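Enquirer: So that we are looking at the same thing, I have put the structure below in structure tokens.
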Amino acid sequence: MQIALTLVSPDPDAASLAVATLTPALAGAQARVKEPRILGPGAVDLLVEAEAIAPVRAAAEAVLADRLIDICVQPWNGRKKRLLIADMDSTIIGCECIDELADFAGVKDQVSAITERAMRGELDFEAALRERVAMLKGLPLADLQRAYDERVRLNPGARTLVRTMTANGAKAFLVSGGFNFFTSRVAQAAGFQANRANTLVEAGDLLAGTVGEPILGREAKLAALREEAATLGLDMSATLAIGDGANDLAMIEAAGLGVAYRAKPIVAAQADAKIDHADLTALLHFQGYRADEFVTD
């Protein structure tokens, strides 16, 4: 079968230099490498002929384990995805919004400790969310906008990722176990066409300390992926999901290409590919886009 092996690094030369080391290692895995294709600074595509993907991925990961290179191995055909489902907190943006709200409420240490355990899969997500939101009771609603203005920033490459995919006919959907106050704003900033998240219940000008039901968590994210794919008439192979925490795992496993971004170990172990070093435009290179095809501001 024809396999795409894509290398992406923040170092402009690292991926190209790695090809010489990688080629003999793949030969040992009964895989034949054709001429490399440069996708952009720090990004190289290899067309590999082999009987299966798993041995190619294992060989590439073993030989490049100590290098600042992200690796994606997948079937060559069907790489350009038609649906992107992305987590928000610590994926599209660089923070956990609930932790930032907790900072304004004076309980960040307690809340962030629960967030970390929940994202590692050590706690039930829904119960953990209710517990954390309860600690926000009485927080002025004005602090939500303050948190967005002062703390929320798109991760590098996020807007380019979304704009490039949508310009090429894909739909981009932001889905979060966080709050729609933030997803609505982040979706607009990054260019997502739709968003879905939880609702913080209000009591006048303050947070009530409760979250709207039903809570959007792991299964709801998976449902969003399946529903959007069905609406668009897409096979799951045409979908791409990215996230970092345990509540992203189901959608990552179900997508045609599931990617872990700076992820917790439980997620990184199950994803088709990981982005640990490069920015989010690596997802475009994984799909075969060249840097000169990126849609940028």
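Each chain of the structure tokens is named A, B, ... in the order shown, its residues numbered from 1; ligands are numbered from 1 in display order.
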Residues near region 271-288 of chain A, anyone? I mean within 7 Å using only C-alpha atoms, not counting same-chain ones fewer than 2 positions away, as a VMD selection string.
Expert: chain A and resid 6 8 to 10 39 43 68 to 72 79 to 80 156 to 158 160 to 161 252 to 253 257 to 262 267 to 269 290
Enquirer: Residues of region 208-251 of chain A that have any atom at most 10 Å from an atom of region 178-190 of chain A: could you tabulate them with the shortest-distance atom pair and the distance in Å to one decimal, using only C-alpha atoms, ordered by chain and increasing number, as CSV?
Expert:
residue,atom,partner,partner_atom,distance
A:Val211,CA,A:Phe179,CA,9.0
A:Gly212,CA,A:Phe179,CA,9.9
A:Ile215,CA,A:Gly178,CA,9.6
A:Leu216,CA,A:Gly178,CA,8.2
A:Gly217,CA,A:Gly178,CA,8.9
Enquirer: Write out as number ranges by chain the set of residues from region 38-212 of chain A that DSSP, computed on the backbone, places in strand (DSSP E).
Expert: A: 38-40, 43-49, 70-75, 83-86, 171-179, 194-198, 200-203, 206-211
Enquirer: Per residue of region 41-148 of chain A within 12 Å of region 225-230 of chain A, record the nearest atom pair and its distance in Å to one decimal, counting only C-alpha atoms, with rows in chain order and ascending residue number, as a tab-separated table.
Expert:
residue	atom	partner	partner_atom	distance
A:Lys81	CA	A:Ala229	CA	11.0
A:Arg82	CA	A:Ala229	CA	8.8
A:Leu83	CA	A:Ala229	CA	7.1
A:Leu84	CA	A:Leu225	CA	8.6
A:Ile85	CA	A:Leu225	CA	6.5
A:Ala86	CA	A:Leu225	CA	9.6
A:Asp87	CA	A:Leu225	CA	11.3
Enquirer: Please write the residues from the selection above to a file, keeping all heavy atoms, as a CSV table (one decimal), in the first residue's frame.
Expert:
chain,number,residue,atom,x,y,z
A,81,LYS,N,-8.7,16.3,4.8
A,81,LYS,CA,-9.9,16.0,5.5
A,81,LYS,C,-11.0,17.0,5.2
A,81,LYS,O,-10.7,18.2,4.9
A,81,LYS,CB,-9.7,15.9,7.0
A,81,LYS,CG,-8.6,14.9,7.3
A,81,LYS,CD,-8.9,13.5,6.8
A,81,LYS,CE,-7.8,12.5,7.2
A,81,LYS,NZ,-8.0,11.1,6.6
A,82,ARG,N,-12.2,16.6,5.3
A,82,ARG,CA,-13.4,17.5,5.0
A,82,ARG,C,-14.1,18.0,6.3
A,82,ARG,O,-14.9,18.9,6.2
A,82,ARG,CB,-14.4,16.7,4.2
A,82,ARG,CG,-13.8,16.0,3.0
A,82,ARG,CD,-13.2,17.0,2.0
A,82,ARG,NE,-14.2,17.9,1.4
A,82,ARG,CZ,-13.9,18.9,0.6
A,82,ARG,NH1,-12.7,19.2,0.4
A,82,ARG,NH2,-14.9,19.7,0.1
A,83,LEU,N,-13.7,17.5,7.4
A,83,LEU,CA,-14.2,18.0,8.7
A,83,LEU,C,-13.2,18.0,9.8
A,83,LEU,O,-12.5,17.0,10.0
A,83,LEU,CB,-15.4,17.1,9.1
A,83,LEU,CG,-16.0,17.3,10.5
A,83,LEU,CD1,-16.6,18.7,10.6
A,83,LEU,CD2,-17.0,16.2,10.9
A,84,LEU,N,-13.0,19.2,10.4
A,84,LEU,CA,-12.1,19.3,11.5
A,84,LEU,C,-12.9,19.5,12.8
A,84,LEU,O,-13.8,20.4,12.9
A,84,LEU,CB,-11.2,20.6,11.3
A,84,LEU,CG,-10.4,21.0,12.6
A,84,LEU,CD1,-9.4,20.0,13.0
A,84,LEU,CD2,-9.7,22.4,12.3
A,85,ILE,N,-12.7,18.7,13.8
A,85,ILE,CA,-13.3,18.8,15.1
A,85,ILE,C,-12.2,19.1,16.1
A,85,ILE,O,-11.3,18.2,16.2
A,85,ILE,CB,-14.1,17.6,15.5
A,85,ILE,CG1,-15.2,17.2,14.6
A,85,ILE,CG2,-14.6,17.7,17.0
A,85,ILE,CD1,-16.5,18.1,14.7
A,86,ALA,N,-12.2,20.2,16.7
A,86,ALA,CA,-11.1,20.6,17.6
A,86,ALA,C,-11.5,20.9,19.0
A,86,ALA,O,-12.6,21.6,19.2
A,86,ALA,CB,-10.3,21.8,17.0
A,87,ASP,N,-10.8,20.5,20.0
A,87,ASP,CA,-10.9,20.9,21.4
A,87,ASP,C,-10.5,22.3,21.5
A,87,ASP,O,-9.7,22.8,20.6
A,87,ASP,CB,-10.1,20.0,22.2
A,87,ASP,CG,-10.0,20.5,23.7
A,87,ASP,OD1,-11.0,20.7,24.3
A,87,ASP,OD2,-8.8,20.6,24.2
Enquirer: Please identify all polymer residues within 9 Å of Val111 (chain A), counting only C-alpha atoms, omitting same-chain residues fewer than 3 positions from it, and present them as a short mmCIF file (atom, residue, chain, number, x, y, z; two decimals) with all heavy atoms, in the first residue's frame.
Expert:
data_model
loop_
_atom_site.label_atom_id
_atom_site.label_comp_id
_atom_site.auth_asym_id
_atom_site.auth_seq_id
_atom_site.Cartn_x
_atom_site.Cartn_y
_atom_site.Cartn_z
N ILE A 98 -11.35 27.64 32.65
CA ILE A 98 -11.89 27.49 34.00
C ILE A 98 -10.82 27.77 35.05
O ILE A 98 -11.11 28.34 36.12
CB ILE A 98 -12.52 26.09 34.21
CG1 ILE A 98 -13.35 26.07 35.49
CG2 ILE A 98 -11.45 24.99 34.21
CD1 ILE A 98 -14.23 24.84 35.62
N ASP A 99 -9.58 27.45 34.76
CA ASP A 99 -8.50 27.76 35.69
C ASP A 99 -8.27 29.26 35.78
O ASP A 99 -7.95 29.79 36.86
CB ASP A 99 -7.20 27.07 35.24
CG ASP A 99 -7.27 25.55 35.38
OD1 ASP A 99 -8.30 25.03 35.84
OD2 ASP A 99 -6.28 24.89 34.99
N ALA A 102 -10.94 30.71 37.83
CA ALA A 102 -10.66 30.37 39.23
C ALA A 102 -9.61 31.30 39.83
O ALA A 102 -9.64 31.61 41.03
CB ALA A 102 -10.21 28.93 39.33
N ASP A 103 -8.69 31.78 38.99
CA ASP A 103 -7.68 32.71 39.47
C ASP A 103 -8.34 34.00 39.94
O ASP A 103 -8.01 34.54 41.00
CB ASP A 103 -6.69 33.01 38.34
CG ASP A 103 -5.44 33.70 38.84
OD1 ASP A 103 -5.15 33.64 40.05
OD2 ASP A 103 -4.73 34.30 38.00
N VAL A 107 -9.25 30.83 43.74
CA VAL A 107 -9.21 29.38 44.02
C VAL A 107 -8.48 28.62 42.90
O VAL A 107 -8.75 27.46 42.64
CB VAL A 107 -10.63 28.80 44.20
CG1 VAL A 107 -11.25 29.29 45.50
CG2 VAL A 107 -11.52 29.13 43.01
N LYS A 108 -7.52 29.27 42.25
CA LYS A 108 -6.89 28.64 41.09
C LYS A 108 -6.15 27.36 41.45
O LYS A 108 -6.20 26.38 40.70
CB LYS A 108 -5.94 29.61 40.40
CG LYS A 108 -5.35 29.02 39.10
CD LYS A 108 -4.60 30.04 38.27
CE LYS A 108 -4.17 29.42 36.94
NZ LYS A 108 -3.48 30.40 36.07
N ILE A 114 -7.67 19.92 40.11
CA ILE A 114 -8.76 19.04 39.64
C ILE A 114 -8.75 18.96 38.12
O ILE A 114 -8.95 17.88 37.54
CB ILE A 114 -10.11 19.56 40.16
CG1 ILE A 114 -10.14 19.54 41.69
CG2 ILE A 114 -11.26 18.71 39.60
CD1 ILE A 114 -11.35 20.24 42.29
N THR A 115 -8.53 20.10 37.46
CA THR A 115 -8.46 20.11 35.99
C THR A 115 -7.40 19.14 35.49
O THR A 115 -7.65 18.35 34.57
CB THR A 115 -8.15 21.53 35.48
OG1 THR A 115 -9.17 22.43 35.90
CG2 THR A 115 -8.05 21.54 33.96
N GLU A 116 -6.24 19.20 36.08
CA GLU A 116 -5.14 18.33 35.64
C GLU A 116 -5.51 16.86 35.79
O GLU A 116 -5.28 16.05 34.88
CB GLU A 116 -3.87 18.65 36.45
CG GLU A 116 -2.67 17.77 36.14
CD GLU A 116 -2.10 17.98 34.75
OE1 GLU A 116 -2.41 19.01 34.11
OE2 GLU A 116 -1.33 17.11 34.31
N GLU A 131 -17.82 20.18 40.34
CA GLU A 131 -17.07 20.56 41.54
C GLU A 131 -16.31 21.87 41.32
O GLU A 131 -16.31 22.75 42.19
CB GLU A 131 -16.09 19.44 41.92
CG GLU A 131 -15.28 19.73 43.18
CD GLU A 131 -14.32 18.61 43.54
OE1 GLU A 131 -14.24 17.61 42.78
OE2 GLU A 131 -13.63 18.75 44.57
N ARG A 132 -15.69 22.01 40.17
CA ARG A 132 -14.92 23.22 39.90
C ARG A 132 -15.82 24.44 39.70
O ARG A 132 -15.53 25.53 40.20
CB ARG A 132 -14.03 23.01 38.66
CG ARG A 132 -12.84 22.09 38.91
CD ARG A 132 -12.10 21.80 37.63
NE ARG A 132 -12.87 20.93 36.75
CZ ARG A 132 -12.60 20.74 35.46
NH1 ARG A 132 -11.60 21.40 34.89
NH2 ARG A 132 -13.32 19.91 34.74
N VAL A 133 -16.91 24.26 38.98
CA VAL A 133 -17.83 25.39 38.75
C VAL A 133 -18.44 25.86 40.07
O VAL A 133 -18.67 27.06 40.25
CB VAL A 133 -18.92 24.99 37.73
CG1 VAL A 133 -20.01 26.06 37.66
CG2 VAL A 133 -18.29 24.80 36.35
N MET A 135 -17.00 26.16 42.78
CA MET A 135 -16.03 27.06 43.42
C MET A 135 -16.06 28.46 42.82
O MET A 135 -15.49 29.40 43.39
CB MET A 135 -14.62 26.48 43.30
CG MET A 135 -14.41 25.17 44.03
SD MET A 135 -12.68 24.66 43.92
CE MET A 135 -12.82 22.90 44.20
#
Enquirer: Rounded to one decimal place, report the CA of Gly94 (chain A)-CA of Arg153 (chain A) distance in Å.
Expert: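 Distance between the two atoms: 6.1 Å.
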Enquirer: From a DSSP pass on the backbone, collect the residues of region 175-291 of chain A flagged as alpha helix (DSSP H) and hand them back as an MDAnalysis selection string.
Expert: chainID A and resid 180:190 218:232 249:254 265:268 282:286
Enquirer: Do you have the CA of Asp66 (chain A)-CA of Ala15 (chain A) distance handy?
Expert: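 Here the two named atoms are 12.7 Å from each other.
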